[in-house]
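Undergrad: Provided herewith is a single structure, encoded as structure tokens, for subsequent inquiry.
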Amino acid sequence: MRFSLNEHVKAVHPPPISEVKEWAAQRPADAAALIDLCQAVPDYAPPAGMISHIQQMALDPLTSRYSPDEGLAEVRESVCHRYRRRYAAKINPEQVCLTVGASAAFWLAMLTLCHAGDEVIVQLPCYFDHPMALGSLGIRPVYAPYKENEKGLPNPDSIARLITPRTRAILLVSPSNPTGTVIPPDLLRRLYFLAQQHRIALILDETYSDFIEGMPHDLFTMEEWGSTLLQIMSFGKSYALTGYRAGMLAAAPEVIRQALKIQDTMTVCQPRITQLALQYGLDHLDQWVEINRRMMTFRHNLFTEEFSLPGNRFRLAASGSFFAWVKHPFPGKSGREVARRLAVEAGILTLPGEVFGPGLEDYLRLAFGNIKEKAIPEAIHRFRRFA
Ligand SMILES: Cc1ncc(COP(=O)(O)O)c(C=O)c1O
């Protein structure tokens with residue numbers, strides 16, 4: 001190659017899901033059917049009413065056009081109504097920007113807040129795309145340590161010790177990907193006030209929050225929440241729309257105004273068809289979302305009960321909706337080595353612990369939310385049999 005590439009990007013690890021899928025492709029043709037606990041995708045489709053709404057909307061020529069950068073006013077209004085029902089939120093459409101997945105919302109937040117060389121405190125274990133994005137932008141992730149006995153929950157004292165003049169934000173994910181752990185509202189408040197006291201942002205990724213029973217937290221009830229909080233949201237998991245790339249950034253109007261400069265140059269807007277699907281979900285599917293939440297809770301209980309029965313050398317370290325975070329029984333072997341063997345020999349796709357941050361080689365993430373209840377016993381049987 002006669003030109004050089006961005007050193008920050010070159011230093012970032014390749015996408016882990018693609019790596020795992022390559023292992024799966026190495027299996028013999030006559031091997032048992034694959035059990036995919038790798039990428040977190042609801043195994044069910046959006047409801048029929050939403051699909052026929054999308055079909056109808058596709059017939060309207062307007063649907064093929066751009067929308068305003070921040071998204072259609074009526075869709076952002078529907079978001080606000082949903083947030084008032086879900087979070088008792090004090091929110092209005094100027095605080096909402098619809099994005100191409102939560103992934104783009106994270107980039108908007110980071111580019112709006114940080115310069116290259118700044119620091120963001122990242123709680124371990126962390127969602128792998130976050131350090132990948134930070135690394136690509138030359139922003140330094142400063143890791144808050146993982147404590148297994150605290151289920152990976154953030155500790156305000158440890159986080160406070162990591163704050164330096166270069167810190168721009170504390171980044172949290174609740175429910176956590178990969179542990180499934182939900183940050184309790186009181187703890188979240190303490191972290192919010194810690195960020196406020198240090199005049200830094202609290203970035204809260206709530207991609208899985210629709211799988212929490214009841215109101216996830218009360219931060220949105222505060223008058224001035226936008227002075228500290230930026231929320232990253234994905235509706236991909238809520239409405240089984242992962243491929244539609246339905247994300248959102250909620251923040252103070254001034255943050256949104258700045259972020260829109262980036263949105264305009266990056267994606268312009270969330271696709272209109274996605275916005276129309278999202279609006280249908282927001283206006284009509286509270287009950288459907290709640291039914292799926294209960295189903296996921298049932299799946300979680302079944303998975304963790306069976307996984308924890310004696311005779312399984314893999315040990316559950318934490319779990320919640322969608323995810324189990326387990327310690328593998330091979331000290332000295334990396335998560336990558338174990339996950340690769342599980343894929344090739346047992347036909348189970350998992351993600352190695354180390355993709356969720358440094359020092360986590362002893363763990364694996366299992367996205368059991370991907371598989372139906374009837375597939376759970378066979379999945380666990382394969383872990384038990386694995387030597
Ligand atoms: C914690 C977390 N944040 C963000 C995302 C990305 O969401 P989206 O598909 O809406 O970009 C995911 C996807 O799995 C995730 O787990």
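Every chain in the structure tokens takes a letter, A first, then B, and so on in the order presented; its residues are numbered from 1, and the ligands are numbered from 1 following the presented order.
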When the cut-off is 9 Å and you count only C-alpha atoms and all ligand atoms, which residues lie near ligand 1, shown as a PyMOL selection string?
TA: chain A and resi 39-41+99-106+126-130+173-178+205-208+232-237+241-248
Undergrad: Generate the output file for the selected residues, N, CA and C atoms, as a tab-separated table (two decimals), in the first residue's frame.
TA:
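Once everything was written out, this is selection-v1.tsv:
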chain	number	residue	atom	x	y	z
A	39	GLN	N	-24.05	-13.12	19.26
A	39	GLN	CA	-24.54	-11.74	19.09
A	39	GLN	C	-25.92	-11.60	19.72
A	40	ALA	N	-26.13	-10.52	20.48
A	40	ALA	CA	-27.40	-10.36	21.19
A	40	ALA	C	-28.49	-9.86	20.24
A	41	VAL	N	-29.33	-10.79	19.80
A	41	VAL	CA	-30.42	-10.45	18.88
A	41	VAL	C	-31.67	-11.17	19.36
A	99	THR	N	-31.04	8.33	15.79
A	99	THR	CA	-29.73	8.01	15.19
A	99	THR	C	-29.77	6.63	14.54
A	100	VAL	N	-28.73	6.35	13.76
A	100	VAL	CA	-28.60	5.05	13.09
A	100	VAL	C	-28.07	4.05	14.13
A	101	GLY	N	-28.97	3.53	14.91
A	101	GLY	CA	-28.61	2.64	16.01
A	101	GLY	C	-28.03	3.42	17.18
A	102	ALA	N	-27.96	2.72	18.32
A	102	ALA	CA	-27.30	3.30	19.49
A	102	ALA	C	-25.83	3.53	19.18
A	103	SER	N	-25.30	2.75	18.25
A	103	SER	CA	-23.88	2.87	17.89
A	103	SER	C	-23.57	4.28	17.40
A	104	ALA	N	-24.42	4.82	16.50
A	104	ALA	CA	-24.17	6.18	16.00
A	104	ALA	C	-24.39	7.20	17.11
A	105	ALA	N	-25.36	6.93	18.00
A	105	ALA	CA	-25.60	7.86	19.12
A	105	ALA	C	-24.33	7.96	19.98
A	106	PHE	N	-23.64	6.83	20.15
A	106	PHE	CA	-22.42	6.85	20.95
A	106	PHE	C	-21.35	7.71	20.28
A	126	CYS	N	-16.85	-4.02	29.84
A	126	CYS	CA	-17.55	-3.00	29.05
A	126	CYS	C	-17.98	-3.57	27.70
A	127	TYR	N	-18.96	-2.93	27.10
A	127	TYR	CA	-19.43	-3.33	25.76
A	127	TYR	C	-18.29	-3.05	24.78
A	128	PHE	N	-17.87	-4.09	24.04
A	128	PHE	CA	-16.62	-4.00	23.25
A	128	PHE	C	-16.60	-2.86	22.24
A	129	ASP	N	-17.75	-2.50	21.68
A	129	ASP	CA	-17.75	-1.42	20.68
A	129	ASP	C	-17.34	-0.07	21.30
A	130	HIS	N	-17.55	0.08	22.60
A	130	HIS	CA	-17.21	1.38	23.21
A	130	HIS	C	-15.71	1.65	23.16
A	173	VAL	N	-23.22	1.25	31.39
A	173	VAL	CA	-24.21	0.52	30.59
A	173	VAL	C	-25.13	-0.23	31.56
A	174	SER	N	-26.42	0.04	31.49
A	174	SER	CA	-27.37	-0.64	32.39
A	174	SER	C	-28.66	-0.94	31.64
A	175	PRO	N	-29.09	-2.22	31.62
A	175	PRO	CA	-28.41	-3.41	32.09
A	175	PRO	C	-27.10	-3.61	31.33
A	176	SER	N	-26.13	-4.20	32.03
A	176	SER	CA	-24.81	-4.33	31.44
A	176	SER	C	-24.79	-5.35	30.30
A	177	ASN	N	-24.08	-5.00	29.27
A	177	ASN	CA	-23.61	-5.98	28.30
A	177	ASN	C	-22.10	-6.03	28.57
A	178	PRO	N	-21.57	-7.07	29.17
A	178	PRO	CA	-21.95	-8.48	29.11
A	178	PRO	C	-22.57	-9.10	30.35
A	205	ASP	N	-25.71	4.17	28.67
A	205	ASP	CA	-26.21	3.36	27.55
A	205	ASP	C	-27.27	2.41	28.10
A	206	GLU	N	-28.50	2.59	27.62
A	206	GLU	CA	-29.62	1.79	28.15
A	206	GLU	C	-30.26	0.91	27.08
A	207	THR	N	-29.40	0.40	26.20
A	207	THR	CA	-29.87	-0.43	25.10
A	207	THR	C	-30.85	-1.53	25.52
A	208	TYR	N	-30.65	-2.11	26.72
A	208	TYR	CA	-31.49	-3.23	27.16
A	208	TYR	C	-32.51	-2.81	28.23
A	232	ILE	N	-27.82	7.06	25.81
A	232	ILE	CA	-27.73	6.35	24.53
A	232	ILE	C	-28.80	5.28	24.57
A	233	MET	N	-29.67	5.25	23.56
A	233	MET	CA	-30.74	4.25	23.58
A	233	MET	C	-30.81	3.53	22.24
A	234	SER	N	-31.14	2.25	22.32
A	234	SER	CA	-31.42	1.49	21.10
A	234	SER	C	-32.83	0.94	21.22
A	235	PHE	N	-33.61	1.07	20.15
A	235	PHE	CA	-34.92	0.42	20.14
A	235	PHE	C	-34.84	-0.90	19.39
A	236	GLY	N	-33.62	-1.26	18.98
A	236	GLY	CA	-33.40	-2.50	18.22
A	236	GLY	C	-33.83	-3.72	19.01
A	237	LYS	N	-33.49	-3.75	20.30
A	237	LYS	CA	-33.82	-4.92	21.11
A	237	LYS	C	-35.28	-4.82	21.57
A	241	LEU	N	-35.95	-4.86	16.19
A	241	LEU	CA	-35.68	-4.13	14.95
A	241	LEU	C	-34.17	-3.91	14.76
A	242	THR	N	-33.33	-4.84	15.18
A	242	THR	CA	-31.89	-4.55	15.18
A	242	THR	C	-31.38	-4.13	13.80
A	243	GLY	N	-31.93	-4.76	12.74
A	243	GLY	CA	-31.46	-4.44	11.39
A	243	GLY	C	-31.94	-3.09	10.89
A	244	TYR	N	-32.94	-2.52	11.52
A	244	TYR	CA	-33.44	-1.20	11.10
A	244	TYR	C	-32.57	-0.06	11.64
A	245	ARG	N	-31.71	-0.37	12.61
A	245	ARG	CA	-30.77	0.60	13.16
A	245	ARG	C	-31.51	1.77	13.83
A	246	ALA	N	-32.31	1.41	14.82
A	246	ALA	CA	-33.18	2.40	15.49
A	246	ALA	C	-32.57	2.83	16.82
A	247	GLY	N	-31.78	3.89	16.80
A	247	GLY	CA	-31.15	4.38	18.02
A	247	GLY	C	-31.51	5.81	18.31
A	248	MET	N	-30.99	6.30	19.42
A	248	MET	CA	-31.34	7.66	19.84
A	248	MET	C	-30.33	8.20	20.85
Undergrad: Just want the 12 Å neighbourhood of A:Thr181, counted on only C-alpha atoms, with same-chain residues fewer than 4 positions away dropped. Output as a PyMOL selection string.
TA: chain A and resi 124-126+148+150-154+172-177+206+208-209+211-212+317-325
Undergrad: Put those residues in a file: C-alpha atoms, as a tab-separated table (two decimals), in the first residue's frame.
TA:
chain	number	residue	atom	x	y	z
A	124	LEU	CA	-15.39	-3.08	33.28
A	125	PRO	CA	-16.53	-5.36	31.85
A	126	CYS	CA	-17.55	-3.00	29.05
A	148	GLU	CA	-16.63	-10.29	40.61
A	150	GLU	CA	-19.86	-6.84	43.17
A	151	LYS	CA	-21.20	-8.37	39.92
A	152	GLY	CA	-19.31	-5.73	37.96
A	153	LEU	CA	-21.42	-2.87	39.35
A	154	PRO	CA	-19.69	0.53	39.31
A	172	LEU	CA	-22.02	3.19	32.15
A	173	VAL	CA	-24.21	0.52	30.59
A	174	SER	CA	-27.37	-0.64	32.39
A	175	PRO	CA	-28.41	-3.41	32.09
A	176	SER	CA	-24.81	-4.33	31.44
A	177	ASN	CA	-23.61	-5.98	28.30
A	206	GLU	CA	-29.62	1.79	28.15
A	208	TYR	CA	-31.49	-3.23	27.16
A	209	SER	CA	-33.54	-1.07	29.53
A	211	PHE	CA	-36.00	-5.68	29.82
A	212	ILE	CA	-36.02	-4.09	33.30
A	317	ALA	CA	-20.47	-15.00	37.81
A	318	ALA	CA	-23.38	-12.66	36.98
A	319	SER	CA	-26.49	-12.67	34.85
A	320	GLY	CA	-29.57	-10.68	33.91
A	321	SER	CA	-31.89	-10.30	30.98
A	322	PHE	CA	-30.25	-11.52	27.82
A	323	PHE	CA	-26.79	-12.29	29.23
A	324	ALA	CA	-24.90	-14.69	31.45
A	325	TRP	CA	-21.30	-13.87	32.35
Undergrad: Grab the atom CA of A:Leu276 to atom CA of A:Ala109 distance for me, in Å with one decimal place.
TA: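 Taking atom CA of A:Leu276 and atom CA of A:Ala109, their separation equals 23.9 Å.
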Undergrad: What are the DSSP alpha helix (DSSP H) residues of stretch 86-172 of chain A, as a PyMOL selection string?
TA: chain A and resi 86-87+101-113+129-136+156-162
Undergrad: Of the candidates A:Arg365, A:His300, A:Arg341, A:Lys374, which shows the shortest atom-to-atom distance to A:Ala387, using only C-alpha atoms?
TA: A:Arg341
Undergrad: Here is a test: counting only C-alpha atoms, which residue of A:Val255, A:Val96, A:Ile139, A:Val289 is nearest to A:Pro47?
TA: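 Of A:Val255, A:Val96, A:Ile139, A:Val289, the one nearest A:Pro47, counting only C-alpha atoms, is A:Val289.
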Undergrad: Taking into account only C-alpha atoms, which residue in the set A:His115, A:His217, A:Arg294, A:Arg189 is nearest to A:Ala169?
TA: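 Of all the options, A:His115 lies closest to A:Ala169.
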Undergrad: Nearest to A:Ile200: which of A:Arg166, A:Thr297, A:Leu111, A:Pro358 is it, counting only C-alpha atoms?
TA: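 Looking only at the distances to A:Ile200, the closest residue turns out to be A:Arg166.
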Undergrad: Enumerate the residues of stretch 146-282 of chain A with a DSSP assignment of strand (DSSP E), computed from the backbone, and present them as a ChimeraX atom specification.
TA: /A:167-173,201-205,229-234,246-250
Undergrad: Store the residues picked out above in a file with N, CA and C atoms, as a compact mmCIF listing (two decimals), in the first residue's frame.
TA:
# COMPACT_ATOMS: atom_id res chain seq x y z
N THR A 167 -10.43 13.99 32.20
CA THR A 167 -11.66 13.18 32.13
C THR A 167 -12.81 14.02 31.61
N ARG A 168 -13.52 13.48 30.62
CA ARG A 168 -14.68 14.20 30.08
C ARG A 168 -16.00 13.52 30.45
N ALA A 169 -15.92 12.22 30.77
CA ALA A 169 -17.19 11.51 31.02
C ALA A 169 -16.96 10.21 31.78
N ILE A 170 -18.05 9.79 32.45
CA ILE A 170 -18.13 8.43 33.01
C ILE A 170 -19.12 7.69 32.12
N LEU A 171 -18.71 6.52 31.65
CA LEU A 171 -19.57 5.76 30.75
C LEU A 171 -20.08 4.50 31.46
N LEU A 172 -21.40 4.36 31.49
CA LEU A 172 -22.02 3.19 32.15
C LEU A 172 -23.02 2.54 31.20
N VAL A 173 -23.22 1.25 31.39
CA VAL A 173 -24.21 0.52 30.59
C VAL A 173 -25.13 -0.23 31.56
N ALA A 201 -19.50 14.60 32.11
CA ALA A 201 -20.79 14.03 31.70
C ALA A 201 -20.94 12.61 32.23
N LEU A 202 -22.19 12.22 32.46
CA LEU A 202 -22.51 10.82 32.72
C LEU A 202 -23.18 10.31 31.45
N ILE A 203 -22.53 9.33 30.81
CA ILE A 203 -23.13 8.75 29.61
C ILE A 203 -23.70 7.40 30.00
N LEU A 204 -24.99 7.25 29.76
CA LEU A 204 -25.67 6.03 30.19
C LEU A 204 -26.25 5.34 28.96
N ASP A 205 -25.71 4.17 28.67
CA ASP A 205 -26.21 3.36 27.55
C ASP A 205 -27.27 2.41 28.10
N LEU A 229 -26.38 14.45 32.15
CA LEU A 229 -26.65 13.14 31.55
C LEU A 229 -26.77 13.18 30.03
N LEU A 230 -26.14 12.20 29.38
CA LEU A 230 -26.43 11.91 27.97
C LEU A 230 -26.87 10.45 27.95
N GLN A 231 -28.05 10.18 27.38
CA GLN A 231 -28.50 8.79 27.33
C GLN A 231 -28.37 8.26 25.90
N ILE A 232 -27.82 7.06 25.81
CA ILE A 232 -27.73 6.35 24.53
C ILE A 232 -28.80 5.28 24.57
N MET A 233 -29.67 5.25 23.56
CA MET A 233 -30.74 4.25 23.58
C MET A 233 -30.81 3.53 22.24
N SER A 234 -31.14 2.25 22.32
CA SER A 234 -31.42 1.49 21.10
C SER A 234 -32.83 0.94 21.22
N ALA A 246 -32.31 1.41 14.82
CA ALA A 246 -33.18 2.40 15.49
C ALA A 246 -32.57 2.83 16.82
N GLY A 247 -31.78 3.89 16.80
CA GLY A 247 -31.15 4.38 18.02
C GLY A 247 -31.51 5.81 18.31
N MET A 248 -30.99 6.30 19.42
CA MET A 248 -31.34 7.66 19.84
C MET A 248 -30.33 8.20 20.85
N LEU A 249 -30.13 9.50 20.77
CA LEU A 249 -29.36 10.21 21.79
C LEU A 249 -30.32 11.16 22.50
N ALA A 250 -30.38 11.08 23.83
CA ALA A 250 -31.15 12.06 24.62
C ALA A 250 -30.14 12.90 25.38
Undergrad: From the set A:Ile262, A:Ala144, A:Ala133, A:Val326, which residue has the shortest atom-to-atom contact distance to A:Val9, counting only C-alpha atoms?
TA: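 Under the stated criterion, the closest residue is A:Ala133.
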Undergrad: Near A:Leu364, within 7 Å and counting only C-alpha atoms, which residues show up once chain neighbours fewer than 3 positions away are dropped, as a ChimeraX atom specification?
TA: /A:325-328,335,350-353
Undergrad: So that I have them on file, write out the residues from the current selection with C-alpha atoms, as a PDB file, in the first residue's frame.
TA:
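Saved file out_1.pdb follows:
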ATOM      1  CA  TRP A 325     -21.300 -13.870  32.349  1.00  0.00           C
ATOM      2  CA  VAL A 326     -19.512 -17.099  33.221  1.00  0.00           C
ATOM      3  CA  LYS A 327     -16.085 -18.131  34.458  1.00  0.00           C
ATOM      4  CA  HIS A 328     -14.605 -20.952  32.406  1.00  0.00           C
ATOM      5  CA  GLY A 335     -11.367 -16.793  26.857  1.00  0.00           C
ATOM      6  CA  THR A 350     -19.953 -17.453  22.842  1.00  0.00           C
ATOM      7  CA  LEU A 351     -17.826 -14.338  23.188  1.00  0.00           C
ATOM      8  CA  PRO A 352     -14.452 -14.424  24.981  1.00  0.00           C
ATOM      9  CA  GLY A 353     -14.231 -12.350  28.176  1.00  0.00           C
TER      10      GLY A 353
END
Undergrad: Stretch 79-92 of chain A: which residues within 7 Å, counting only C-alpha atoms, same-chain residues fewer than 6 positions away excluded, as JSON, numbers by chain?
TA: {"A": [215, 216, 217, 218, 220, 221, 223, 282]}
Undergrad: Write the residues you've just listed into a file as an mmCIF file, in the first residue's frame, and include N, CA and C atoms for each of them.
TA:
data_model
loop_
_atom_site.group_PDB
_atom_site.id
_atom_site.type_symbol
_atom_site.label_atom_id
_atom_site.label_comp_id
_atom_site.auth_asym_id
_atom_site.auth_seq_id
_atom_site.Cartn_x
_atom_site.Cartn_y
_atom_site.Cartn_z
ATOM 1 N N MET A 215 -39.835 1.146 36.460
ATOM 2 C CA MET A 215 -39.077 2.335 36.019
ATOM 3 C C MET A 215 -37.578 2.097 36.259
ATOM 4 N N PRO A 216 -36.752 2.194 35.228
ATOM 5 C CA PRO A 216 -35.333 1.830 35.398
ATOM 6 C C PRO A 216 -34.573 2.746 36.372
ATOM 7 N N HIS A 217 -34.888 4.031 36.402
ATOM 8 C CA HIS A 217 -34.219 4.994 37.301
ATOM 9 C C HIS A 217 -34.997 6.299 37.258
ATOM 10 N N ASP A 218 -34.582 7.244 38.119
ATOM 11 C CA ASP A 218 -35.352 8.501 38.152
ATOM 12 C C ASP A 218 -34.529 9.707 37.682
ATOM 13 N N PHE A 220 -34.246 11.040 34.803
ATOM 14 C CA PHE A 220 -34.973 11.917 33.881
ATOM 15 C C PHE A 220 -36.055 12.749 34.580
ATOM 16 N N THR A 221 -36.287 12.492 35.872
ATOM 17 C CA THR A 221 -37.298 13.303 36.573
ATOM 18 C C THR A 221 -36.689 14.622 37.063
ATOM 19 N N GLU A 223 -35.095 18.274 36.928
ATOM 20 C CA GLU A 223 -35.313 19.403 36.009
ATOM 21 C C GLU A 223 -34.160 19.547 35.016
ATOM 22 N N LEU A 282 -43.506 2.816 19.488
ATOM 23 C CA LEU A 282 -43.649 3.713 20.644
ATOM 24 C C LEU A 282 -45.126 3.952 20.971
#
Undergrad: Residues within 12 Å of stretch 371-373 of chain A, please, as number ranges by chain. Count only C-alpha atoms; anything in the same chain fewer than 4 positions from it doesn't count.
TA: A: 34-44, 292, 295-304, 306, 322-323, 348-349, 366-367, 377-380
Undergrad: Can you spit out the residues from that selection as an mmCIF file, in the first residue's frame, using C-alpha atoms?
TA:
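Now in selection_13.cif:
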data_model
loop_
_atom_site.group_PDB
_atom_site.id
_atom_site.type_symbol
_atom_site.label_atom_id
_atom_site.label_comp_id
_atom_site.auth_asym_id
_atom_site.auth_seq_id
_atom_site.Cartn_x
_atom_site.Cartn_y
_atom_site.Cartn_z
ATOM 1 C CA LEU A 34 -24.974 -24.638 15.999
ATOM 2 C CA ILE A 35 -26.277 -22.930 19.153
ATOM 3 C CA ASP A 36 -25.635 -19.222 18.765
ATOM 4 C CA LEU A 37 -25.092 -17.452 22.103
ATOM 5 C CA CYS A 38 -22.855 -14.879 20.454
ATOM 6 C CA GLN A 39 -24.537 -11.738 19.089
ATOM 7 C CA ALA A 40 -27.404 -10.359 21.190
ATOM 8 C CA VAL A 41 -30.419 -10.451 18.882
ATOM 9 C CA PRO A 42 -34.006 -11.171 19.970
ATOM 10 C CA ASP A 43 -34.979 -14.500 18.401
ATOM 11 C CA TYR A 44 -38.491 -13.223 17.620
ATOM 12 C CA ASN A 292 -41.309 -9.997 25.894
ATOM 13 C CA MET A 295 -40.589 -13.989 28.578
ATOM 14 C CA MET A 296 -36.911 -12.934 28.878
ATOM 15 C CA THR A 297 -37.146 -13.078 32.674
ATOM 16 C CA PHE A 298 -38.549 -16.585 32.409
ATOM 17 C CA ARG A 299 -35.719 -17.535 30.042
ATOM 18 C CA HIS A 300 -33.190 -16.022 32.436
ATOM 19 C CA ASN A 301 -34.554 -17.986 35.415
ATOM 20 C CA LEU A 302 -34.569 -21.236 33.459
ATOM 21 C CA PHE A 303 -31.059 -20.702 32.115
ATOM 22 C CA THR A 304 -29.463 -19.738 35.416
ATOM 23 C CA GLU A 306 -30.094 -25.233 34.975
ATOM 24 C CA PHE A 322 -30.252 -11.525 27.816
ATOM 25 C CA PHE A 323 -26.794 -12.293 29.230
ATOM 26 C CA ILE A 348 -21.733 -23.248 20.841
ATOM 27 C CA LEU A 349 -20.954 -19.676 19.904
ATOM 28 C CA LEU A 366 -23.429 -16.097 26.767
ATOM 29 C CA ALA A 367 -26.311 -14.244 25.109
ATOM 30 C CA PRO A 377 -31.356 -27.630 28.110
ATOM 31 C CA GLU A 378 -29.344 -28.768 25.063
ATOM 32 C CA ALA A 379 -27.120 -25.655 25.267
ATOM 33 C CA ILE A 380 -26.360 -26.314 28.928
#
Undergrad: Just how far from atom CA of A:Pro14 is atom CA of A:Pro131, in Å to one decimal?
TA: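 Taking atom CA of A:Pro131 as the start and atom CA of A:Pro14 as the end point, the length is 11.8 Å.
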Undergrad: Skip stretch 4-6 of chain A itself and residues of its chain fewer than 5 positions away, then list as a PDB file with C-alpha atoms, in the first residue's frame all residues within 12 Å of it, counting only C-alpha atoms.
TA:
ATOM      1  CA  ALA A  11      -4.529  -0.423  16.935  1.00  0.00           C
ATOM      2  CA  VAL A  12      -8.199  -1.360  17.476  1.00  0.00           C
ATOM      3  CA  GLY A 135      -9.630   3.987  20.418  1.00  0.00           C
ATOM      4  CA  SER A 136     -10.490   4.938  16.830  1.00  0.00           C
ATOM      5  CA  LEU A 137     -11.017   8.532  17.976  1.00  0.00           C
ATOM      6  CA  GLY A 138      -7.789   8.669  19.983  1.00  0.00           C
TER       7      GLY A 138
END
Undergrad: Please provide as a list of chain:residue names all residues within 8 Å of stretch 269-274 of chain A, with the sequence filter that same-chain residues fewer than 5 positions apart are discarded (counting only C-alpha atoms).
TA: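 Using only C-alpha atoms, the neighbours found are A:Ile54, A:Met57, A:Ala58, A:Thr63, A:Ser64, A:Arg65, A:Tyr66, A:Ser67, A:Pro68, A:Asp69, A:Glu70, A:Gly71, A:Leu98, A:Thr99, A:Val100, A:Tyr244, A:Arg245, A:Ala246, A:Gln263, A:Asp264.
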Undergrad: Measuring atom to atom with only C-alpha atoms, identify which of A:Val122, A:Met132, A:Ile51, A:Ala252 is nearest to A:Leu162.
TA: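 For A:Leu162, the nearest of the candidates is A:Val122.
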